[in-house]
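Below: my_file22.cif (mmCIF, C-alpha atoms)
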```cif
data_final
loop_
_atom_site.label_atom_id
_atom_site.label_comp_id
_atom_site.auth_asym_id
_atom_site.auth_seq_id
_atom_site.Cartn_x
_atom_site.Cartn_y
_atom_site.Cartn_z
CA MET G 970 36.58 33.42 6.57
CA GLN G 971 36.33 36.40 4.22
CA ASN G 972 37.02 40.07 5.13
CA GLY G 973 37.30 39.08 8.77
CA LYS G 974 33.88 37.41 8.76
CA VAL G 975 33.26 33.78 9.63
CA ASP G 976 30.98 31.87 7.24
CA VAL G 977 27.96 30.31 8.93
CA VAL G 978 27.94 26.60 8.13
CA GLY G 979 25.01 25.54 10.28
CA VAL G 980 22.36 26.45 12.81
CA ALA G 981 23.04 24.75 16.14
CA ASN G 982 20.64 22.41 17.88
CA TYR G 983 17.85 24.36 19.61
CA ALA G 984 19.53 27.64 18.63
CA PHE G 985 16.26 29.62 18.65
CA TYR G 986 14.06 27.30 20.72
CA PRO G 987 11.75 28.80 21.76
CA SER G 988 11.69 32.32 20.33
CA PRO G 989 8.02 33.31 20.10
CA GLU G 990 8.96 36.83 19.00
CA LEU G 991 10.98 35.72 15.94
CA THR G 992 9.11 36.55 12.69
CA SER G 993 11.73 36.24 9.93
CA VAL G 994 14.92 34.26 9.22
CA VAL G 995 17.48 34.70 6.42
CA LEU G 996 20.32 32.18 6.27
CA PRO G 997 23.49 32.78 4.22
CA ASN G 998 24.35 30.52 1.29
CA SER G 999 27.19 29.01 3.32
CA THR G 1000 24.70 27.28 5.66
CA LEU G 1001 24.85 23.52 5.16
CA PHE G 1002 22.59 22.22 7.91
CA ILE G 1003 19.89 23.17 10.36
CA GLY G 1004 20.23 21.32 13.65
CA THR G 1005 17.71 19.54 15.83
CA GLY G 1006 14.92 21.80 17.07
CA ALA G 1007 16.71 24.90 15.79
CA PHE G 1008 13.49 26.88 15.25
CA GLN G 1009 11.12 24.70 17.26
CA GLU G 1010 8.14 26.56 18.76
CA CYS G 1011 8.96 29.81 16.99
CA THR G 1012 5.25 30.50 16.91
CA SER G 1013 5.46 33.87 15.13
CA LEU G 1014 7.89 32.78 12.40
CA GLU G 1015 6.34 33.65 9.01
CA ASN G 1016 9.19 34.12 6.54
CA VAL G 1017 12.21 31.87 6.04
CA ASP G 1018 15.00 32.15 3.44
CA LEU G 1019 17.21 29.10 3.74
CA GLY G 1020 20.03 30.07 1.37
CA ASP G 1021 21.29 28.05 -1.59
CA GLY G 1022 23.83 25.82 0.14
CA LEU G 1023 21.57 23.99 2.60
CA GLU G 1024 21.79 20.18 2.47
CA SER G 1025 19.86 18.87 5.48
CA ILE G 1026 17.12 19.90 7.90
CA GLY G 1027 17.36 18.29 11.31
CA GLU G 1028 14.79 16.68 13.56
CA TYR G 1029 11.98 18.96 14.75
CA ALA G 1030 13.73 21.92 13.13
CA PHE G 1031 10.47 23.82 12.45
CA ASN G 1032 8.21 21.83 14.75
CA GLY G 1033 5.35 23.94 16.08
CA CYS G 1034 5.95 26.92 13.78
CA SER G 1035 2.22 27.44 13.58
CA VAL G 1036 2.11 30.52 11.32
CA LEU G 1037 4.74 29.36 8.83
CA LYS G 1038 2.64 28.81 5.67
CA SER G 1039 5.18 28.17 2.93
CA ILE G 1040 8.87 27.54 2.52
CA THR G 1041 11.24 27.03 -0.41
CA LEU G 1042 13.86 24.33 -0.01
CA PRO G 1043 17.16 24.81 -1.86
CA ASP G 1044 18.04 22.30 -4.59
CA ASN G 1045 20.88 20.82 -2.50
CA VAL G 1046 18.60 19.56 0.29
CA GLU G 1047 18.82 15.78 0.50
CA SER G 1048 17.05 14.92 3.76
CA LEU G 1049 14.41 16.08 6.20
CA GLY G 1050 14.70 14.93 9.79
CA LYS G 1051 12.07 13.37 12.01
CA GLY G 1052 9.24 15.79 12.75
CA ALA G 1053 10.96 18.56 10.76
CA PHE G 1054 7.68 20.41 10.04
CA GLN G 1055 5.47 18.59 12.52
CA TYR G 1056 2.58 20.70 13.89
CA SER G 1057 3.53 23.56 11.59
CA GLY G 1058 1.09 25.77 9.68
CA LEU G 1059 2.81 24.77 6.44
CA THR G 1060 0.34 24.63 3.53
CA ALA G 1061 2.78 24.51 0.60
CA ILE G 1062 6.24 23.08 0.05
CA THR G 1063 8.18 21.86 -2.99
CA LEU G 1064 10.59 19.04 -2.30
CA PRO G 1065 13.69 19.32 -4.54
CA ASP G 1066 14.64 16.44 -6.83
CA ASN G 1067 17.72 15.73 -4.67
CA VAL G 1068 15.67 14.80 -1.60
CA GLU G 1069 16.35 11.14 -0.83
CA SER G 1070 14.79 10.67 2.59
CA LEU G 1071 11.91 11.99 4.65
CA GLY G 1072 11.92 11.61 8.41
CA GLN G 1073 9.21 9.94 10.46
CA TYR G 1074 6.35 12.33 11.23
CA ALA G 1075 8.08 14.98 9.08
CA PHE G 1076 4.80 16.73 8.20
CA GLN G 1077 2.47 15.26 10.84
CA TYR G 1078 -0.53 17.51 11.57
CA SER G 1079 0.72 20.22 9.23
CA GLY G 1080 -1.58 22.19 6.92
CA LEU G 1081 -0.28 20.79 3.62
CA THR G 1082 -2.77 20.72 0.75
CA ALA G 1083 -0.60 18.98 -1.87
CA ILE G 1084 2.73 17.14 -2.05
CA THR G 1085 4.93 15.68 -4.78
CA ILE G 1086 7.32 12.96 -3.64
CA PRO G 1087 10.69 13.13 -5.49
CA ASP G 1088 11.82 10.11 -7.50
CA LYS G 1089 14.81 9.46 -5.22
CA VAL G 1090 12.63 8.81 -2.19
CA GLU G 1091 12.23 5.02 -1.77
CA GLY G 1092 10.13 4.98 1.36
CA ILE G 1093 7.54 7.18 3.03
CA PRO G 1094 8.19 6.53 6.73
CA MET G 1095 5.93 6.10 9.70
CA GLY G 1096 3.46 8.92 10.26
CA CYS G 1097 5.07 11.18 7.66
CA PHE G 1098 1.74 12.82 6.70
CA LEU G 1099 -0.35 11.56 9.60
CA GLY G 1100 -3.31 13.83 10.33
CA CYS G 1101 -2.73 16.22 7.43
CA THR G 1102 -6.45 16.85 7.18
CA SER G 1103 -6.18 19.40 4.33
CA LEU G 1104 -4.02 17.20 2.08
CA GLU G 1105 -5.90 16.71 -1.21
CA ILE G 1106 -3.27 15.72 -3.78
CA VAL G 1107 -0.34 13.31 -3.54
CA ASP G 1108 1.95 12.55 -6.49
CA PHE G 1109 4.21 9.60 -5.76
CA GLY G 1110 7.70 9.45 -7.26
CA ALA G 1111 8.78 6.70 -9.63
CA GLY G 1112 11.36 5.34 -7.17
CA LEU G 1113 8.97 4.74 -4.29
CA LYS G 1114 8.95 1.19 -2.90
CA SER G 1115 7.19 1.38 0.46
CA ILE G 1116 4.53 3.31 2.35
CA GLY G 1117 5.02 3.04 6.08
CA GLU G 1118 2.76 2.73 9.08
CA ASN G 1119 0.24 5.55 9.51
CA ALA G 1120 1.91 7.39 6.63
CA PHE G 1121 -1.34 9.01 5.43
CA SER G 1122 -3.69 8.03 8.21
CA GLY G 1123 -6.37 10.63 8.87
CA CYS G 1124 -5.80 12.56 5.62
CA ARG G 1125 -9.51 13.06 5.29
CA SER G 1126 -9.39 15.41 2.29
CA LEU G 1127 -7.75 12.82 0.01
CA LYS G 1128 -10.23 11.70 -2.66
CA SER G 1129 -8.08 9.67 -5.04
CA VAL G 1130 -4.81 7.76 -4.69
CA THR G 1131 -2.75 6.07 -7.42
CA ILE G 1132 0.07 3.88 -6.12
CA PRO G 1133 2.99 3.38 -8.58
CA ASP G 1134 3.89 -0.10 -9.77
CA ASN G 1135 7.23 0.01 -7.91
CA VAL G 1136 5.56 0.15 -4.50
CA GLU G 1137 5.79 -3.28 -2.85
CA THR G 1138 4.43 -2.59 0.62
CA ILE G 1139 1.69 -0.58 2.29
CA LEU G 1140 1.99 -1.11 6.02
CA HIS G 1141 -0.27 -0.84 9.07
CA ASP G 1142 -2.89 1.91 8.76
CA GLY G 1143 -1.14 3.42 5.74
CA PHE G 1144 -4.34 5.17 4.55
CA GLY G 1145 -6.59 4.49 7.50
CA PHE G 1146 -9.50 6.87 8.14
CA CYS G 1147 -9.08 8.81 4.92
CA GLU G 1148 -12.77 9.52 5.18
CA ASN G 1149 -13.30 11.04 1.72
CA LEU G 1150 -11.15 8.61 -0.24
CA GLU G 1151 -13.32 7.44 -3.13
CA GLU G 1152 -10.83 5.85 -5.52
CA VAL G 1153 -7.75 3.69 -4.93
CA ASN G 1154 -5.53 2.36 -7.71
CA LEU G 1155 -3.01 -0.12 -6.34
CA GLY G 1156 0.06 -0.71 -8.50
CA ALA G 1157 0.83 -4.10 -10.02
CA GLY G 1158 4.01 -4.48 -7.95
CA LEU G 1159 2.28 -4.45 -4.57
CA LYS G 1160 3.11 -7.54 -2.47
CA VAL G 1161 2.23 -6.61 1.11
CA LEU G 1162 -1.06 -5.02 2.13
CA GLY G 1163 -0.89 -4.43 5.85
CA GLU G 1164 -3.48 -4.57 8.59
CA PHE G 1165 -5.88 -1.60 8.83
CA ALA G 1166 -4.37 -0.25 5.57
CA PHE G 1167 -7.67 1.28 4.40
CA GLU G 1168 -9.76 1.02 7.55
CA GLY G 1169 -12.45 3.66 7.91
CA CYS G 1170 -12.31 4.86 4.29
CA ASP G 1171 -16.07 5.04 4.30
CA LYS G 1172 -16.48 6.55 0.82
CA LEU G 1173 -14.33 3.97 -0.95
CA LYS G 1174 -16.50 2.20 -3.54
CA ALA G 1175 -14.18 -0.40 -5.08
CA ILE G 1176 -10.81 -2.01 -4.51
CA THR G 1177 -8.73 -4.36 -6.65
CA ILE G 1178 -6.04 -6.36 -4.87
CA PRO G 1179 -3.02 -6.79 -7.21
CA ASP G 1180 -1.95 -10.24 -8.34
CA LYS G 1181 1.29 -10.33 -6.31
CA VAL G 1182 -0.44 -9.92 -2.95
CA GLU G 1183 -0.57 -13.28 -1.13
CA THR G 1184 -2.15 -12.14 2.15
CA ILE G 1185 -4.77 -9.54 2.98
CA GLU G 1186 -3.99 -8.76 6.59
CA ARG G 1187 -6.51 -8.36 9.39
CA TYR G 1188 -9.02 -5.53 9.25
CA CYS G 1189 -7.33 -4.26 6.09
CA VAL G 1190 -10.46 -2.70 4.56
CA ARG G 1191 -12.68 -2.65 7.65
CA ASP G 1192 -15.54 -0.17 8.05
CA CYS G 1193 -15.61 0.98 4.43
CA SER G 1194 -19.38 1.32 4.39
CA ALA G 1195 -19.68 2.45 0.74
CA LEU G 1196 -17.60 -0.43 -0.63
CA GLU G 1197 -19.50 -2.25 -3.39
CA LYS G 1198 -16.94 -4.16 -5.43
CA VAL G 1199 -13.90 -6.23 -4.44
CA VAL G 1200 -11.46 -7.96 -6.82
CA LEU G 1201 -8.99 -10.44 -5.31
CA GLY G 1202 -5.75 -11.19 -7.19
CA ASN G 1203 -4.82 -14.55 -8.64
CA SER G 1204 -1.98 -15.24 -6.17
CA LEU G 1205 -3.98 -14.54 -3.03
CA LYS G 1206 -3.53 -17.35 -0.51
CA THR G 1207 -4.88 -15.99 2.78
CA ILE G 1208 -7.53 -13.51 3.93
CA GLU G 1209 -7.13 -12.70 7.61
CA HIS G 1210 -9.98 -12.12 10.02
CA GLY G 1211 -12.08 -8.98 9.74
CA ALA G 1212 -10.46 -7.98 6.43
CA PHE G 1213 -13.73 -6.60 5.00
CA GLU G 1214 -15.73 -6.41 8.23
CA GLY G 1215 -18.16 -3.50 8.40
CA CYS G 1216 -18.60 -3.37 4.61
CA PRO G 1217 -22.25 -4.44 4.35
CA ASN G 1218 -22.82 -3.00 0.88
CA ILE G 1219 -20.40 -5.25 -1.00
CA ALA G 1220 -22.44 -6.50 -3.96
CA GLU G 1221 -19.74 -8.32 -5.92
CA VAL G 1222 -16.59 -10.21 -4.94
CA THR G 1223 -14.36 -11.50 -7.72
CA SER G 1224 -11.68 -14.04 -6.81
CA LYS G 1225 -9.21 -14.62 -9.65
CA ASN G 1226 -7.44 -17.52 -7.94
CA PRO G 1227 -8.89 -20.90 -9.00
CA VAL G 1228 -7.71 -22.23 -5.65
CA PRO G 1229 -9.85 -20.74 -2.86
CA PRO G 1230 -7.68 -18.62 -0.57
CA ALA G 1231 -7.58 -19.79 3.04
CA ILE G 1232 -9.78 -17.71 5.30
CA GLU G 1233 -8.63 -17.02 8.83
CA MET G 1234 -11.26 -16.62 11.52
CA PHE G 1235 -9.94 -15.53 14.90
CA ASP G 1236 -12.50 -13.17 16.41
CA SER G 1237 -14.45 -12.20 13.30
CA ARG G 1238 -15.20 -13.33 9.76
CA PRO G 1239 -13.66 -11.49 6.80
CA PHE G 1240 -17.06 -10.47 5.38
CA ASP G 1241 -20.33 -9.42 6.98
CA SER G 1242 -23.15 -12.00 6.99
CA VAL G 1243 -25.22 -9.94 4.56
CA VAL G 1244 -22.42 -10.17 1.99
CA TYR G 1245 -22.51 -13.98 2.06
CA GLU G 1246 -26.26 -13.85 1.59
CA GLU G 1247 -26.65 -11.17 -1.07
CA ALA G 1248 -23.36 -10.57 -2.92
CA VAL G 1249 -22.30 -12.41 -6.07
CA LEU G 1250 -19.02 -14.32 -5.78
CA ARG G 1251 -17.36 -14.62 -9.19
CA VAL G 1252 -14.70 -17.32 -9.57
CA PRO G 1253 -12.71 -18.72 -12.53
CA ILE G 1254 -14.36 -21.23 -14.83
CA GLY G 1255 -13.98 -24.73 -13.44
CA SER G 1256 -13.39 -23.67 -9.84
CA GLY G 1257 -16.99 -23.23 -8.68
CA ASP G 1258 -17.07 -26.58 -6.88
CA ALA G 1259 -13.81 -25.80 -5.11
CA TYR G 1260 -15.31 -22.62 -3.66
CA ARG G 1261 -18.60 -24.29 -2.78
CA GLU G 1262 -16.68 -26.84 -0.72
CA ALA G 1263 -14.01 -24.56 0.78
CA PRO G 1264 -14.37 -23.39 4.41
CA GLU G 1265 -16.14 -20.04 4.72
CA TRP G 1266 -16.42 -19.59 0.94
CA GLU G 1267 -19.22 -22.13 0.97
CA LYS G 1268 -21.31 -19.56 2.86
CA PHE G 1269 -21.72 -17.51 -0.31
CA ILE G 1270 -25.14 -18.31 -1.71
CA ASN G 1271 -24.48 -16.89 -5.19
CA ILE G 1272 -21.30 -18.37 -6.70
CA VAL G 1273 -20.87 -17.81 -10.43
CA GLU G 1274 -18.09 -19.14 -12.67
CA THR G 1275 -16.71 -16.42 -14.91
CA GLY G 1276 -13.96 -16.30 -17.53
CA LEU G 1277 -11.21 -14.56 -15.59
CA GLY G 1278 -8.21 -15.91 -17.48
CA GLY G 1279 -7.40 -18.27 -14.62
CA VAL G 1280 -8.76 -21.71 -15.48
CA GLY G 1281 -9.84 -23.39 -18.67
CA ASP G 1282 -8.10 -24.92 -21.61
CA VAL G 1283 -4.35 -24.67 -22.14
CA SER G 1284 -3.55 -20.97 -21.70
CA ASN G 1285 -0.15 -21.01 -23.40
CA ASP G 1286 0.69 -22.92 -26.57
CA ALA G 1287 4.14 -23.78 -25.17
CA VAL G 1288 2.78 -25.47 -22.04
CA GLY G 1289 0.47 -28.49 -21.95
CA VAL G 1290 -1.16 -30.29 -19.04
CA THR G 1291 -3.05 -33.53 -19.64
CA ALA G 1292 -4.28 -36.64 -17.79
CA GLU G 1293 -2.70 -39.88 -18.95
CA GLY G 1294 -3.18 -43.28 -17.30
CA GLY G 1295 -4.07 -41.88 -13.89
CA SER G 1296 -1.20 -39.38 -13.86
CA ILE G 1297 -0.88 -35.69 -14.65
CA GLU G 1298 1.53 -35.05 -17.51
CA ILE G 1299 3.30 -31.70 -17.95
CA ALA G 1300 4.77 -30.75 -21.35
CA GLY G 1301 6.66 -27.70 -22.55
CA ALA G 1302 7.34 -26.22 -19.12
CA GLY G 1303 11.04 -27.02 -18.81
CA ASN G 1304 12.14 -26.95 -15.17
CA ALA G 1305 9.32 -24.69 -14.04
CA GLN G 1306 7.81 -25.19 -10.59
CA VAL G 1307 4.59 -27.24 -10.65
CA GLU G 1308 1.86 -26.98 -8.00
CA VAL G 1309 -1.18 -29.24 -7.85
CA TYR G 1310 -4.20 -28.48 -5.66
CA ASN G 1311 -7.33 -30.49 -4.94
CA LEU G 1312 -10.76 -28.89 -4.95
CA SER G 1313 -10.50 -28.14 -1.25
CA GLY G 1314 -7.56 -25.88 -1.97
CA GLN G 1315 -4.97 -28.23 -0.44
CA LEU G 1316 -1.55 -28.42 -2.05
CA VAL G 1317 -1.05 -32.09 -2.98
CA TYR G 1318 2.14 -31.76 -5.03
CA SER G 1319 4.92 -29.22 -5.40
CA GLY G 1320 8.02 -29.81 -7.48
CA GLN G 1321 9.42 -29.95 -11.00
CA SER G 1322 8.34 -33.39 -12.13
CA THR G 1323 6.66 -33.71 -15.53
CA THR G 1324 4.72 -36.82 -14.45
CA ILE G 1325 2.70 -36.65 -11.26
CA GLY G 1326 1.13 -39.90 -10.12
CA GLY G 1327 -0.38 -41.42 -7.00
CA LEU G 1328 -3.37 -39.10 -6.95
CA ASP G 1329 -6.98 -40.09 -6.32
CA ARG G 1330 -9.48 -39.87 -9.15
CA SER G 1331 -10.80 -36.33 -8.90
CA ILE G 1332 -10.54 -32.82 -10.34
CA TYR G 1333 -7.28 -30.96 -9.78
CA ILE G 1334 -5.99 -27.44 -10.35
CA VAL G 1335 -2.47 -27.30 -11.79
CA ARG G 1336 -0.35 -24.16 -11.72
CA VAL G 1337 2.81 -24.14 -13.82
CA ALA G 1338 4.95 -21.49 -15.53
CA GLY G 1339 2.57 -18.72 -14.55
CA HIS G 1340 -0.49 -20.48 -15.97
CA THR G 1341 -3.36 -22.41 -14.48
CA PHE G 1342 -5.12 -25.54 -15.75
CA LYS G 1343 -7.97 -27.83 -14.70
CA VAL G 1344 -7.38 -31.58 -15.00
CA VAL G 1345 -9.81 -34.47 -14.48
CA LEU G 1346 -8.26 -37.79 -13.46
#
```
Could I get this structure in the form of structure tokens?
Amino acid sequence: MQNGKVDVVGVANYAFYPSPELTSVVLPNSTLFIGTGAFQECTSLENVDLGDGLESIGEYAFNGCSVLKSITLPDNVESLGKGAFQYSGLTAITLPDNVESLGQYAFQYSGLTAITIPDKVEGIPMGCFLGCTSLEIVDFGAGLKSIGENAFSGCRSLKSVTIPDNVETILHDGFGFCENLEEVNLGAGLKVLGEFAFEGCDKLKAITIPDKVETIERYCVRDCSALEKVVLGNSLKTIEHGAFEGCPNIAEVTSKNPVPPAIEMFDSRPFDSVVYEEAVLRVPIGSGDAYREAPEWEKFINIVETGLGGVGDVSNDAVGVTAEGGSIEIAGAGNAQVEVYNLSGQLVYSGQSTTIGGLDRSIYIVRVAGHTFKVVL
């Protein structure tokens, strides 16, 4: 209290909800928080000065403020609540470097045209930018690790997306129905690519699945009618049903894994029939027979072995894999994990032994210490 006046430290929950006649708000620097729904449905609110002391904006605080076009957040703001600017007319906002968390649906159906995610934000939550049809530019912060369900679904003005290497997960429908998305660059750290992640991106022309992804979930890239080129990472183990369904123009599929990934068929195949008939399937040298014999992969008519850095001679001078007396001998790998697959893609040995015996005379794929070898017994 100064000069008989009480400092305002916050705006109470639903304090001005609804006040359709309110056009302008100026908050003193002493204001630390804006409560839930404080200015919700203030449909004439155009100008907002939040003061320098503000730290948090509560759930639905400016929800439905349809004529609010821009707002400046003070540097002290650390969090935005669920639906904070949902259904607002907001076209421009700068998120301060101190922002650590964004609420679910924080900007859903707002008018944003561009957004920069601060480095302290580790996750973009469910529906955060869902239906932001004017959003054209997204710069992701260096600290981002996850993109949640429906995070950018329906952002039909997005044309290009570059996902940082720190991002490990893109969940259900993360970029679904981004109708004008032409280019996607997925970071090397990506591990989980969720179902429907890029469904309906019908201008997307190419996609490369990073090497750490083990499963492409169902309908992940469904109905991308312009898709022409697909590259599958070298650790991919499973492609779920319908993953590339509705992508009839795929002309080239490159699979970097010498062991054919398992293909799940529940109610649909992962590729359209025309892709099996007309596309070229490129696989690592020495693994052509494995793909020709593997379930579903054998439907590709054009299978070509290509030098992809996956199979061939010894790929590291420190590691050696040879066939001796009916056994596979491993040298120079220390205690590294060893995996041996037959040409059908079945794992026939997993462990740390340097001598692996008891195998039938055949061709095997050996993976050890991050390298892959072909061995004939």
Result set of the PyMOL selection byres ((chain G and resi 1264-1268) around 12) on the coordinates above, as a VMD selection string: chain G and resid 1208 to 1210 1222 1224 1228 to 1234 1237 to 1252 1256 to 1263 1269 to 1272 1312 to 1315
The PyMOL selection byres ((chain G and resi 983-996) around 8) - which residues does that actually catch in the file I just gave you? List them as an MDAnalysis selection string. chainID G and resid 980:982 997:998 1000 1004:1020
I'd like to know which of G:Pro1227, G:Gly1096, G:Pro1065, G:Gly1158 is closest to Thr1275 in chain G, using all atoms listed in the file.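 Using all atoms listed in the file, Thr1275 in chain G sits closest to G:Pro1227.
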Residues matched by the PyMOL selection byres ((chain G and resi 1201) around 10) as a compact mmCIF listing (two decimals) with C-alpha atoms, in the coordinates of the input:
```
# COMPACT_ATOMS: atom_id res chain seq x y z
CA ILE G 1176 -10.81 -2.01 -4.51
CA THR G 1177 -8.73 -4.36 -6.65
CA ILE G 1178 -6.04 -6.36 -4.87
CA PRO G 1179 -3.02 -6.79 -7.21
CA ASP G 1180 -1.95 -10.24 -8.34
CA VAL G 1182 -0.44 -9.92 -2.95
CA GLU G 1183 -0.57 -13.28 -1.13
CA ILE G 1185 -4.77 -9.54 2.98
CA VAL G 1199 -13.90 -6.23 -4.44
CA VAL G 1200 -11.46 -7.96 -6.82
CA GLY G 1202 -5.75 -11.19 -7.19
CA ASN G 1203 -4.82 -14.55 -8.64
CA SER G 1204 -1.98 -15.24 -6.17
CA LEU G 1205 -3.98 -14.54 -3.03
CA ILE G 1208 -7.53 -13.51 3.93
CA VAL G 1222 -16.59 -10.21 -4.94
CA THR G 1223 -14.36 -11.50 -7.72
CA SER G 1224 -11.68 -14.04 -6.81
CA LYS G 1225 -9.21 -14.62 -9.65
CA ASN G 1226 -7.44 -17.52 -7.94
CA PRO G 1230 -7.68 -18.62 -0.57
CA VAL G 1252 -14.70 -17.32 -9.57
```
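The closest residue to Glu1047 in chain G, picked from G:Ala1300, G:Tyr1074, G:Gly1080, G:Phe1002 and counting all atoms listed in the file, is G:Phe1002.
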Separation of CA of Thr1085 in chain G and CA of Ala1061 in chain G, in Å? 10.6 Å
Residue with smallest distance to Phe1144 in chain G - pool G:Leu1316, G:Ala1157, G:Leu1162, G:Val1273, counting all atoms listed in the file: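 Of the candidates, the smallest distance to Phe1144 in chain G is held by G:Leu1162.
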So the first atom is CA of Tyr1029 in chain G and the second is CA of Glu1091 in chain G; what is the distance between them in Å, to one decimal place?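 Rounded to one decimal, the two atoms are 21.6 Å apart.
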